[in-house]
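**Student:** What follows is start.cif, mmCIF, C-alpha atoms (C1' of nucleotides).
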```cif
data_start
#
loop_
_atom_site.label_atom_id
_atom_site.label_comp_id
_atom_site.auth_asym_id
_atom_site.auth_seq_id
_atom_site.Cartn_x
_atom_site.Cartn_y
_atom_site.Cartn_z
CA MET A 231 0.00 0.00 0.00
CA ASN A 232 3.00 2.22 0.51
CA THR A 233 6.76 2.15 0.30
CA ALA A 234 8.31 -0.29 2.70
CA SER A 235 10.77 1.22 5.13
CA PRO A 236 14.14 1.20 3.44
CA GLY A 237 16.69 -1.58 4.02
CA GLY A 238 17.39 -3.52 7.18
CA ASP A 239 13.80 -4.37 8.03
CA GLU A 240 14.88 -7.15 10.36
CA ARG A 241 16.43 -4.79 12.87
CA PRO A 242 14.53 -5.32 16.13
CA ALA A 243 13.41 -1.67 16.34
CA ARG A 244 14.40 0.05 19.55
CA TRP A 245 11.25 0.97 21.37
CA LEU A 246 10.87 3.83 23.82
CA THR A 247 11.39 3.31 27.53
CA ASP A 248 8.55 4.12 29.88
CA HIS A 249 10.44 7.21 30.87
CA GLU A 250 10.73 8.33 27.28
CA GLN A 251 7.18 7.46 26.40
CA GLN A 252 5.90 9.54 29.25
CA ALA A 253 7.98 12.51 28.18
CA TRP A 254 6.87 12.05 24.59
CA ARG A 255 3.19 11.96 25.41
CA SER A 256 3.48 15.06 27.53
CA TYR A 257 5.41 16.77 24.79
CA ILE A 258 2.78 16.00 22.16
CA GLN A 259 -0.06 17.10 24.38
CA ALA A 260 1.56 20.28 25.58
CA THR A 261 2.68 21.43 22.14
CA MET A 262 -0.71 20.73 20.60
CA LEU A 263 -2.57 22.50 23.34
CA LEU A 264 -0.26 25.49 23.35
CA ASP A 265 -0.32 25.82 19.59
CA ASP A 266 -4.10 25.72 19.52
CA TYR A 267 -4.30 28.14 22.38
CA LEU A 268 -2.10 30.76 20.79
CA ASP A 269 -3.67 30.32 17.39
CA ARG A 270 -7.07 30.98 18.84
CA GLN A 271 -5.86 33.88 20.91
CA LEU A 272 -4.36 35.60 17.89
CA GLN A 273 -7.25 34.75 15.64
CA ARG A 274 -9.58 36.35 18.13
CA ASP A 275 -7.51 39.39 19.04
CA ALA A 276 -5.66 40.10 15.82
CA GLY A 277 -7.54 38.24 13.10
CA MET A 278 -4.69 36.01 12.01
CA PRO A 279 -3.04 32.71 12.83
CA HIS A 280 0.18 32.44 14.78
CA ILE A 281 2.50 32.09 11.83
CA TYR A 282 1.12 35.22 10.19
CA TYR A 283 1.78 37.13 13.36
CA ALA A 284 5.33 35.78 13.43
CA LEU A 285 5.72 37.03 9.89
CA LEU A 286 4.71 40.55 10.88
CA VAL A 287 7.13 40.41 13.81
CA GLN A 288 9.96 39.46 11.47
CA LEU A 289 9.19 42.42 9.26
CA ALA A 290 8.88 44.82 12.17
CA GLN A 291 12.33 43.85 13.40
CA ALA A 292 13.99 44.04 9.99
CA PRO A 293 15.77 47.18 8.78
CA HIS A 294 13.33 49.41 6.90
CA ARG A 295 10.63 46.94 7.88
CA ARG A 296 11.26 44.91 4.76
CA ARG A 297 12.75 41.56 3.92
CA ARG A 298 13.33 39.24 1.01
CA MET A 299 10.78 36.46 0.63
CA THR A 300 13.25 33.60 0.76
CA GLU A 301 14.93 35.09 3.77
CA LEU A 302 11.59 35.26 5.53
CA ALA A 303 10.74 31.70 4.61
CA ILE A 304 14.00 30.50 6.10
CA ALA A 305 13.65 32.59 9.23
CA LEU A 306 10.12 31.29 9.78
CA LYS A 307 11.07 27.79 8.71
CA ILE A 308 8.24 27.44 6.24
CA THR A 309 8.15 26.73 2.52
CA ARG A 310 8.26 29.53 -0.01
CA SER A 311 4.89 28.42 -1.27
CA ARG A 312 3.32 28.77 2.13
CA LEU A 313 4.93 32.14 2.52
CA SER A 314 3.58 33.28 -0.84
CA HIS A 315 0.05 32.51 0.22
CA ALA A 316 0.55 34.09 3.62
CA VAL A 317 1.91 37.33 2.22
CA ALA A 318 -0.87 37.39 -0.36
CA ARG A 319 -3.41 37.21 2.41
CA LEU A 320 -1.71 39.83 4.56
CA GLU A 321 -1.43 42.01 1.48
CA ARG A 322 -5.18 41.76 0.89
CA ASN A 323 -5.63 42.91 4.50
CA GLY A 324 -3.33 45.83 3.91
CA TRP A 325 -0.84 44.80 6.61
CA VAL A 326 1.94 44.10 4.12
CA ARG A 327 2.89 45.18 0.64
CA ARG A 328 5.37 43.88 -1.93
CA GLU A 329 8.13 45.51 -3.85
CA ASP A 330 10.42 44.21 -6.58
CA CYS A 331 13.97 43.66 -5.45
CA PRO A 332 16.16 46.13 -7.35
CA SER A 333 19.28 43.97 -7.45
CA ASP A 334 17.63 40.69 -8.46
CA LYS A 335 14.62 40.88 -10.71
CA ARG A 336 13.40 37.49 -9.53
CA GLY A 337 13.27 38.76 -5.99
CA GLN A 338 10.52 40.33 -3.96
CA ASN A 339 10.62 42.26 -0.73
CA ALA A 340 7.76 42.04 1.70
CA ILE A 341 7.21 45.31 3.52
CA LEU A 342 5.25 46.00 6.67
CA THR A 343 2.77 48.82 6.11
CA GLU A 344 1.99 51.45 8.68
CA GLU A 345 -1.37 49.83 9.18
CA GLY A 346 0.30 46.47 9.69
CA MET A 347 2.59 48.00 12.28
CA GLN A 348 -0.39 49.31 14.16
CA VAL A 349 -2.13 45.97 14.13
CA LEU A 350 1.04 44.42 15.47
CA GLN A 351 1.40 46.98 18.22
CA GLN A 352 -2.14 46.36 19.27
CA ALA A 353 -1.82 42.60 19.25
CA ALA A 354 1.59 42.27 20.84
CA PRO A 355 0.81 42.90 24.51
CA GLY A 356 -2.05 40.42 24.54
CA HIS A 357 0.03 37.85 22.81
CA VAL A 358 2.98 38.25 25.13
CA GLU A 359 0.65 38.01 28.06
CA ALA A 360 -0.81 34.78 26.70
CA VAL A 361 2.63 33.29 26.22
CA ARG A 362 3.68 34.36 29.66
CA GLN A 363 0.60 33.01 31.30
CA ALA A 364 0.72 29.70 29.45
CA MET A 365 4.41 29.08 29.82
CA PHE A 366 6.69 31.34 31.79
CA ASP A 367 4.49 31.96 34.77
CA ARG A 368 4.37 28.23 35.32
CA LEU A 369 8.07 27.45 35.10
CA THR A 370 10.96 28.23 37.40
CA PRO A 371 13.85 30.21 35.94
CA GLU A 372 15.86 27.02 36.10
CA GLN A 373 13.25 25.18 34.05
CA VAL A 374 13.19 27.98 31.50
CA GLY A 375 16.91 27.48 31.09
CA GLN A 376 16.52 23.73 30.71
CA LEU A 377 13.73 24.16 28.18
CA GLY A 378 15.75 26.63 26.14
CA GLU A 379 18.74 24.36 26.04
CA ILE A 380 16.71 21.27 25.12
CA MET A 381 14.81 23.06 22.37
CA ARG A 382 17.99 24.54 21.01
CA ILE A 383 19.43 21.05 20.67
CA LEU A 384 16.32 19.68 18.97
CA ALA A 385 16.05 22.58 16.54
CA GLU A 386 19.68 22.25 15.64
CA GLY A 387 19.26 18.59 14.83
CA LEU A 388 16.30 19.23 12.54
CA GLN A 389 17.69 22.15 10.61
CA PRO A 390 17.31 21.55 6.86
CA GLN A 391 20.96 20.83 6.19
CA ASP A 392 22.00 23.72 3.93
CA SER A 393 20.49 26.49 6.10
CA ALA A 394 23.36 28.93 6.51
CA ALA A 395 25.16 27.77 3.41
CA ASP A 396 24.08 30.14 0.70
CA LEU A 397 22.50 33.44 1.49
CA PRO A 398 25.11 35.73 0.03
CA TRP A 399 23.15 38.86 0.77
CA LEU A 400 23.19 37.98 4.45
CA ARG A 401 26.97 37.83 4.62
CA MET B 112 -10.75 45.75 11.53
CA ASN B 113 -10.82 43.57 14.60
CA THR B 114 -11.84 43.67 18.23
CA ALA B 115 -9.70 45.93 20.31
CA SER B 116 -8.01 44.23 23.21
CA PRO B 117 -10.47 44.29 26.09
CA GLY B 118 -10.25 46.88 28.87
CA GLY B 119 -7.21 47.96 30.84
CA ASP B 120 -5.09 48.93 27.86
CA GLU B 121 -2.90 51.14 29.97
CA ARG B 122 -1.33 48.28 31.88
CA PRO B 123 2.37 48.42 31.05
CA ALA B 124 2.48 44.87 29.66
CA ARG B 125 5.21 42.70 31.10
CA TRP B 126 7.60 41.84 28.32
CA LEU B 127 9.79 38.77 28.14
CA THR B 128 13.32 38.79 29.47
CA ASP B 129 16.16 37.96 27.09
CA HIS B 130 16.42 34.63 28.78
CA GLU B 131 12.77 33.91 28.18
CA GLN B 132 12.78 35.23 24.64
CA GLN B 133 15.62 32.94 23.75
CA ALA B 134 13.84 29.94 25.20
CA TRP B 135 10.65 30.93 23.43
CA ARG B 136 12.26 31.28 20.05
CA SER B 137 13.97 27.92 20.39
CA TYR B 138 10.71 26.37 21.49
CA ILE B 139 8.83 27.70 18.48
CA GLN B 140 11.49 26.63 16.06
CA ALA B 141 11.99 23.18 17.50
CA THR B 142 8.31 22.34 17.73
CA MET B 143 7.61 23.56 14.20
CA LEU B 144 10.52 21.64 12.75
CA LEU B 145 9.73 18.47 14.64
CA ASP B 146 6.07 18.59 13.75
CA ASP B 147 6.87 19.06 10.07
CA TYR B 148 9.45 16.34 10.20
CA LEU B 149 7.15 13.74 11.69
CA ASP B 150 4.26 14.74 9.47
CA ARG B 151 6.40 14.19 6.42
CA GLN B 152 7.84 10.97 7.72
CA LEU B 153 4.40 9.51 8.33
CA GLN B 154 2.97 10.88 5.12
CA ARG B 155 5.78 9.23 3.23
CA ASP B 156 5.89 5.92 5.08
CA ALA B 157 2.28 5.43 6.07
CA GLY B 158 0.28 7.77 3.85
CA MET B 159 -1.25 9.83 6.62
CA PRO B 160 -0.52 12.85 8.79
CA HIS B 161 0.64 12.59 12.36
CA ILE B 162 -2.69 13.08 14.02
CA TYR B 163 -4.28 10.33 11.94
CA TYR B 164 -1.56 7.99 13.06
CA ALA B 165 -2.19 8.96 16.66
CA LEU B 166 -5.84 8.12 16.10
CA LEU B 167 -4.98 4.63 14.94
CA VAL B 168 -2.72 4.20 17.96
CA GLN B 169 -5.57 5.15 20.26
CA LEU B 170 -7.80 2.57 18.67
CA ALA B 171 -5.15 -0.12 18.76
CA GLN B 172 -4.71 0.37 22.48
CA ALA B 173 -8.42 0.45 23.28
CA PRO B 174 -10.32 -2.64 24.37
CA HIS B 175 -11.76 -4.43 21.33
CA ARG B 176 -9.94 -1.86 19.23
CA ARG B 177 -12.91 0.45 19.31
CA ARG B 178 -13.76 3.72 20.96
CA ARG B 179 -16.49 6.33 21.09
CA MET B 180 -15.99 9.36 18.87
CA THR B 181 -16.16 11.97 21.59
CA GLU B 182 -13.85 9.95 23.78
CA LEU B 183 -11.32 9.87 20.96
CA ALA B 184 -11.63 13.59 20.36
CA ILE B 185 -10.88 14.29 24.00
CA ALA B 186 -7.99 11.86 24.16
CA LEU B 187 -6.44 13.39 21.03
CA LYS B 188 -7.33 16.90 22.12
CA ILE B 189 -8.94 17.81 18.82
CA THR B 190 -12.41 19.05 17.93
CA ARG B 191 -15.19 16.64 17.12
CA SER B 192 -15.40 18.19 13.70
CA ARG B 193 -11.80 17.45 12.94
CA LEU B 194 -12.24 13.93 14.22
CA SER B 195 -15.27 13.38 11.98
CA HIS B 196 -13.23 14.27 8.93
CA ALA B 197 -10.28 12.20 10.06
CA VAL B 198 -12.36 9.09 10.66
CA ALA B 199 -14.15 9.61 7.36
CA ARG B 200 -10.84 9.65 5.55
CA LEU B 201 -9.46 6.65 7.39
CA GLU B 202 -12.70 4.86 6.68
CA ARG B 203 -12.33 5.51 2.97
CA ASN B 204 -8.87 3.98 3.22
CA GLY B 205 -10.27 0.96 4.98
CA TRP B 206 -8.17 1.42 8.12
CA VAL B 207 -11.17 2.19 10.31
CA ARG B 208 -14.87 1.43 10.26
CA ARG B 209 -17.81 2.80 12.21
CA GLU B 210 -20.50 1.14 14.21
CA ASP B 211 -23.58 2.50 15.92
CA CYS B 212 -23.29 2.56 19.67
CA PRO B 213 -25.84 0.07 21.00
CA SER B 214 -26.53 1.87 24.26
CA ASP B 215 -26.80 5.41 22.86
CA LYS B 216 -28.29 5.80 19.42
CA ARG B 217 -26.58 9.16 18.94
CA GLY B 218 -23.21 7.55 19.47
CA GLN B 219 -20.71 6.05 17.09
CA ASN B 220 -17.80 3.76 17.74
CA ALA B 221 -14.74 3.95 15.58
CA ILE B 222 -13.13 0.56 15.10
CA LEU B 223 -9.68 -0.32 13.85
CA THR B 224 -9.89 -2.82 11.01
CA GLU B 225 -7.48 -5.67 10.55
CA GLU B 226 -6.05 -3.81 7.61
CA GLY B 227 -5.63 -0.70 9.72
CA MET B 228 -3.84 -2.73 12.35
CA GLN B 229 -1.41 -3.99 9.75
CA VAL B 230 -0.73 -0.52 8.43
CA LEU B 231 -0.04 0.56 11.97
CA GLN B 232 2.29 -2.32 12.66
CA GLN B 233 4.19 -1.51 9.52
CA ALA B 234 4.46 2.17 10.26
CA ALA B 235 5.24 2.01 13.95
CA PRO B 236 8.92 1.01 13.91
CA GLY B 237 9.83 3.71 11.42
CA HIS B 238 7.93 6.29 13.36
CA VAL B 239 9.49 5.34 16.67
CA GLU B 240 12.88 5.43 15.05
CA ALA B 241 12.19 8.93 13.71
CA VAL B 242 11.11 10.14 17.14
CA ARG B 243 14.11 8.59 18.75
CA GLN B 244 16.52 9.98 16.25
CA ALA B 245 15.02 13.47 16.36
CA MET B 246 14.63 13.71 20.10
CA PHE B 247 15.82 11.02 22.46
CA ASP B 248 19.13 10.26 20.86
CA ARG B 249 20.05 13.91 21.28
CA LEU B 250 19.10 14.34 24.92
CA THR B 251 20.64 13.02 28.11
CA PRO B 252 18.41 10.95 30.38
CA GLU B 253 18.43 13.89 32.74
CA GLN B 254 17.17 16.21 30.00
CA VAL B 255 14.45 13.74 29.08
CA GLY B 256 13.29 13.93 32.67
CA GLN B 257 13.36 17.71 32.65
CA LEU B 258 11.47 17.86 29.37
CA GLY B 259 8.81 15.48 30.61
CA GLU B 260 8.27 17.46 33.76
CA ILE B 261 8.12 20.80 31.97
CA MET B 262 5.69 19.54 29.34
CA ARG B 263 3.53 17.94 31.98
CA ILE B 264 3.23 21.30 33.71
CA LEU B 265 2.39 23.14 30.50
CA ALA B 266 -0.18 20.59 29.37
CA GLU B 267 -1.83 20.70 32.75
CA GLY B 268 -2.16 24.47 32.60
CA LEU B 269 -3.80 24.38 29.17
CA GLN B 270 -6.31 21.66 29.80
CA PRO B 271 -9.76 22.85 28.65
CA GLN B 272 -11.07 24.61 31.75
CA ASP B 273 -13.13 21.92 33.49
CA SER B 274 -10.12 19.66 34.06
CA ALA B 275 -9.07 20.87 37.49
CA ALA B 276 -12.65 21.55 38.50
CA ASP B 277 -13.60 18.03 39.31
CA LEU B 278 -10.28 16.70 40.44
CA PRO B 279 -10.17 18.31 43.87
CA TRP B 280 -7.52 15.88 45.07
CA LEU B 281 -5.09 17.37 42.58
CA ARG B 282 -5.18 20.75 44.24
"C1'" DG C 221 25.15 35.06 -28.18
"C1'" DA C 222 22.96 30.88 -26.71
"C1'" DC C 223 22.79 26.62 -23.84
"C1'" DT C 224 22.38 24.70 -19.41
"C1'" DA C 225 21.57 24.63 -14.73
"C1'" DG C 226 20.03 26.67 -10.75
"C1'" DT C 227 17.22 30.20 -8.07
"C1'" DT C 228 13.04 32.96 -6.88
"C1'" DC C 229 8.54 33.26 -6.43
"C1'" DT C 230 3.72 32.23 -7.86
"C1'" DT C 231 -0.21 29.42 -8.97
"C1'" DG C 232 -4.07 25.97 -8.85
"C1'" DA C 233 -5.86 21.95 -7.10
"C1'" DA C 234 -6.21 18.71 -3.41
"C1'" DA C 235 -6.16 17.83 1.44
"C1'" DG C 236 -6.87 19.39 6.02
"C1'" DT C 237 -8.81 22.47 9.68
"C1'" DT C 238 -12.22 25.47 11.92
"C1'" DG C 239 -16.50 27.34 13.80
"C1'" DA C 240 -21.17 27.50 13.18
"C1'" DA C 241 -25.34 25.56 11.87
"C1'" DC C 242 -27.86 21.41 11.79
"C1'" DT C 243 -30.00 16.59 12.67
"C1'" DA C 244 -31.00 13.18 15.72
"C1'" DC C 245 -31.36 11.32 20.05
"C1'" DA C 246 -31.26 11.68 25.35
"C1'" DT C 247 -32.36 13.60 29.72
"C1'" DT C 248 -34.63 16.48 32.93
"C1'" DG C 249 -38.32 18.55 35.40
"C1'" DG C 250 -43.01 19.57 35.54
"C1'" DC D 126 -46.28 12.15 28.88
"C1'" DC D 127 -44.35 16.61 27.18
"C1'" DA D 128 -41.70 20.57 26.43
"C1'" DA D 129 -37.26 22.30 27.18
"C1'" DT D 130 -32.74 21.73 27.17
"C1'" DG D 131 -28.47 19.19 26.50
"C1'" DT D 132 -25.34 15.99 23.99
"C1'" DA D 133 -23.32 13.23 19.81
"C1'" DG D 134 -21.90 13.56 15.65
"C1'" DT D 135 -22.05 15.46 10.88
"C1'" DT D 136 -21.98 18.97 7.38
"C1'" DC D 137 -21.14 23.44 5.27
"C1'" DA D 138 -18.44 27.46 3.95
"C1'" DA D 139 -14.37 29.84 4.56
"C1'" DC D 140 -9.73 29.48 5.17
"C1'" DT D 141 -4.85 27.46 5.43
"C1'" DT D 142 -1.42 24.28 3.96
"C1'" DT D 143 0.80 21.20 0.76
"C1'" DC D 144 2.25 19.42 -3.57
"C1'" DA D 145 3.50 19.66 -8.19
"C1'" DA D 146 4.17 22.47 -11.87
"C1'" DG D 147 5.54 26.61 -14.13
"C1'" DA D 148 7.08 31.44 -15.31
"C1'" DA D 149 10.74 34.60 -14.87
"C1'" DC D 150 15.19 35.51 -14.08
"C1'" DT D 151 20.53 34.75 -13.05
"C1'" DA D 152 24.98 32.89 -13.78
"C1'" DG D 153 28.36 29.90 -15.62
"C1'" DT D 154 30.09 27.89 -19.94
"C1'" DC D 155 31.25 27.14 -24.48
#
```
Just give me the structure as structure tokens.
**Tutor:**
Amino acid sequence: MNTASPGGDERPARWLTDHEQQAWRSYIQATMLLDDYLDRQLQRDAGMPHIYYALLVQLAQAPHRRRRMTELAIALKITRSRLSHAVARLERNGWVRREDCPSDKRGQNAILTEEGMQVLQQAAPGHVEAVRQAMFDRLTPEQVGQLGEIMRILAEGLQPQDSAADLPWLR
Amino acid sequence: MNTASPGGDERPARWLTDHEQQAWRSYIQATMLLDDYLDRQLQRDAGMPHIYYALLVQLAQAPHRRRRMTELAIALKITRSRLSHAVARLERNGWVRREDCPSDKRGQNAILTEEGMQVLQQAAPGHVEAVRQAMFDRLTPEQVGQLGEIMRILAEGLQPQDSAADLPWLR
DNA sequence: GACTAGTTCTTGAAAGTTGAACTACATTGG
DNA sequence: CCAATGTAGTTCAACTTTCAAGAACTAGTC
């Protein structure tokens, strides 16, 4: 019905220990719940899903409030296709506009509009408060450190290999 | 364009410390990357997204390999609507079938078919290996413990409101 | 110049998700 | 028993995401 797992099928398959299983289940539950929670919060208070908000944040922090599409896609760790649709939607809302890249005619810059900046400024406090209340108010400073370190390790291991390799305009 | 944040706008809004921001960014990145990674792995090797796989696992572990729809939705922490669609799709594939609940005519049981069980058994080792390779092989046993504890705390805090209400002994 | 290969971004269709409206049945209180 | 209200699950419309394909451009090579 689908491709068999590649070579070495006879390997006895290391299972997870109870300890690991418990951590895994908690991880899945917590990340799903938190993701849903923040998505709903932002949908309600700012009219957009979490990733769209993150996109506006990226633009707000960038010099001149603008950034190349590919750069954005990499920073947000999403596909260019997804980004295209997202920017198209934000553009329809008037939060973002596009501009041809002068140095590379294939390129596009996404630019945060004044209106987009205002939406962001209105949404930010509520969002930060939600994050704080859902995560940081519940963890000790020590746990925050542990979480940061663990997540840093996991993210590093999942980075699409090339990542830093070729972005000449970032150098 | 959207609802203004409710009352008390003048509150100075506690921001995140650098320490917290760093942890937050790593968290967002790691969870996005891991989710994508596992979704792709399961789509490739088992022809379904992660949550659908989790649904089959739930059924496989349930007595008689069957479970009430609402019960499943709660266990998976998804909406009933989403579950309806998921079961419909899995039913079209022949992995799951439905059955009227004898004791409550409104109810439906989802049942794992023999074919579904086989798909699951084929997919499981590869999935476990992916989880292991992406997470547990990179963390020390101590970190696994920390992660489990942290995620347990977060999940608990996000449980749809009632949760703590009728578990007085947890207070 | 023109060929080839690679990059950038968009597009359209299919698959998945969401929230609200809806159907059908169950339960409760008079 | 009956009306009112609640619960189980589905369906609809709007939206987001993914996948595969393609248009437009750049750069290296002969």
**Student:** Taking the file as shown, find all residues satisfying the PyMOL selection byres ((chain D and resi 130) around 12) and write them as a ChimeraX atom specification.
**Tutor:** /C:246-249 /D:128-129,131-132
**Student:** Which one of B:Gln154, B:Thr190, B:Thr142, B:Asn204 sits closest to chain C if you count only C-alpha atoms (C1' of nucleotides)?
**Tutor:**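 Going through B:Gln154, B:Thr190, B:Thr142, B:Asn204 one by one, the smallest distance to chain C is for B:Thr190.
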**Student:** Pick the closest to chain D from A:Asn339, A:Gln363, A:Ser311, A:Gln352: which is it, counting only C-alpha atoms (C1' of nucleotides)?
**Tutor:**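 For chain D, the nearest of the given residues is A:Ser311.
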**Student:** I'd like to see the residues matched by the PyMOL selection byres ((chain A) within 8 of (chain C)) on this file, and ideally I'd get them as a count of residues only.
**Tutor:** 7
**Student:** Return as a Markdown table the residues of chain B lying at most 8 Å from chain A, together with the closest atom-to-atom pair for each and the distance in Å to one decimal, counting only C-alpha atoms, with rows in chain order and ascending residue number.
**Tutor:**
```
| residue | atom | partner | partner_atom | distance |
| --- | --- | --- | --- | --- |
| B:Asn113 | CA | A:Ala276 | CA | 6.3 |
| B:Thr114 | CA | A:Asp275 | CA | 6.1 |
| B:Ala115 | CA | A:Asp275 | CA | 7.0 |
| B:Ser116 | CA | A:Asp275 | CA | 6.4 |
| B:Ala124 | CA | A:Pro355 | CA | 5.8 |
| B:Arg125 | CA | A:Glu359 | CA | 7.2 |
| B:Trp126 | CA | A:Val358 | CA | 6.7 |
| B:Leu127 | CA | A:Val358 | CA | 7.5 |
| B:His130 | CA | A:Gly375 | CA | 7.5 |
| B:Glu131 | CA | A:Val374 | CA | 6.8 |
| B:Gln133 | CA | A:Gly378 | CA | 6.7 |
| B:Ala134 | CA | A:Gly378 | CA | 3.9 |
| B:Trp135 | CA | A:Gly378 | CA | 7.2 |
| B:Ser137 | CA | A:Arg382 | CA | 5.3 |
| B:Tyr138 | CA | A:Met381 | CA | 5.3 |
| B:Gln140 | CA | A:Ala385 | CA | 6.1 |
| B:Ala141 | CA | A:Ala385 | CA | 4.2 |
| B:Thr142 | CA | A:Thr261 | CA | 7.2 |
| B:Met143 | CA | A:Lys307 | CA | 7.7 |
| B:Leu144 | CA | A:Leu388 | CA | 6.3 |
| B:Leu145 | CA | A:Leu388 | CA | 6.9 |
| B:Tyr148 | CA | A:Leu388 | CA | 7.8 |
| B:Arg155 | CA | A:Thr233 | CA | 7.7 |
| B:Asp156 | CA | A:Thr233 | CA | 6.1 |
| B:Ala157 | CA | A:Asn232 | CA | 6.5 |
| B:Gly158 | CA | A:Asn232 | CA | 7.0 |
| B:Lys188 | CA | A:Leu263 | CA | 7.5 |
| B:Pro236 | CA | A:Ala243 | CA | 5.8 |
| B:Gly237 | CA | A:Ser235 | CA | 6.8 |
| B:Val239 | CA | A:Trp245 | CA | 6.7 |
| B:Glu240 | CA | A:Arg244 | CA | 7.2 |
| B:Arg243 | CA | A:Leu246 | CA | 7.7 |
| B:Ala245 | CA | A:Gly387 | CA | 6.8 |
| B:Met246 | CA | A:Leu384 | CA | 6.3 |
| B:Phe247 | CA | A:Glu250 | CA | 7.5 |
| B:Arg249 | CA | A:Ile383 | CA | 7.2 |
| B:Leu250 | CA | A:Ile380 | CA | 7.3 |
| B:Gln254 | CA | A:Ile380 | CA | 7.0 |
| B:Val255 | CA | A:Ala253 | CA | 6.6 |
| B:Gly256 | CA | A:Ala253 | CA | 7.1 |
| B:Gln257 | CA | A:Gln376 | CA | 7.1 |
| B:Leu258 | CA | A:Ala253 | CA | 6.5 |
| B:Gly259 | CA | A:Ala253 | CA | 3.9 |
| B:Glu260 | CA | A:Ala253 | CA | 7.5 |
| B:Ile261 | CA | A:Gln373 | CA | 7.1 |
| B:Met262 | CA | A:Ser256 | CA | 5.3 |
| B:Arg263 | CA | A:Ser256 | CA | 5.3 |
| B:Ile264 | CA | A:Arg368 | CA | 7.2 |
| B:Leu265 | CA | A:Ala260 | CA | 5.8 |
| B:Ala266 | CA | A:Ala260 | CA | 4.2 |
| B:Glu267 | CA | A:Ala260 | CA | 7.9 |
| B:Gly268 | CA | A:Ala364 | CA | 6.8 |
| B:Leu269 | CA | A:Leu263 | CA | 6.2 |
| B:Gln270 | CA | A:Leu263 | CA | 7.5 |
```
**Student:** Provide the atom CA of Asp269 of chain A to atom C1' of DC140 of chain D distance in Å, to one decimal place.
**Tutor:**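 A separation of 13.7 Å between them.
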**Student:** Record the distance separating atom CA of Glu210 of chain B and atom CA of His161 of chain B, expressed in Å with one decimal.
**Tutor:**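 Calculated distance between atom CA of Glu210 of chain B and atom CA of His161 of chain B is 24.1 Å.
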**Student:** Specify as a list of chain:residue names all residues of chain D found within 9 Å of chain B, counting only C-alpha atoms (C1' of nucleotides).
**Tutor:**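 The contacting residues on chain D are D:DT132, D:DA133, D:DG134, D:DT135.
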**Student:** I'd like the contact shell of Leu223 of chain B - 7 Å cut-off, all atoms listed in the file, skipping same-chain residues fewer than 3 positions apart - returned as a list in words.
**Tutor:**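 So the residues in contact are Leu167, Leu170, Ala171, Arg176, Arg177, Trp206, Val207, Arg208, Gly227 and Met228 of chain B.
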**Student:** Those same residues, written as a compact mmCIF listing (two decimals), in the coordinates of the input with C-alpha atoms?
**Tutor:**
```txt
# COMPACT_ATOMS: atom_id res chain seq x y z
CA LEU B 167 -4.98 4.63 14.94
CA LEU B 170 -7.80 2.57 18.67
CA ALA B 171 -5.15 -0.12 18.76
CA ARG B 176 -9.94 -1.86 19.23
CA ARG B 177 -12.91 0.45 19.31
CA TRP B 206 -8.17 1.42 8.12
CA VAL B 207 -11.17 2.19 10.31
CA ARG B 208 -14.87 1.43 10.26
CA GLY B 227 -5.63 -0.70 9.72
CA MET B 228 -3.84 -2.73 12.35
```
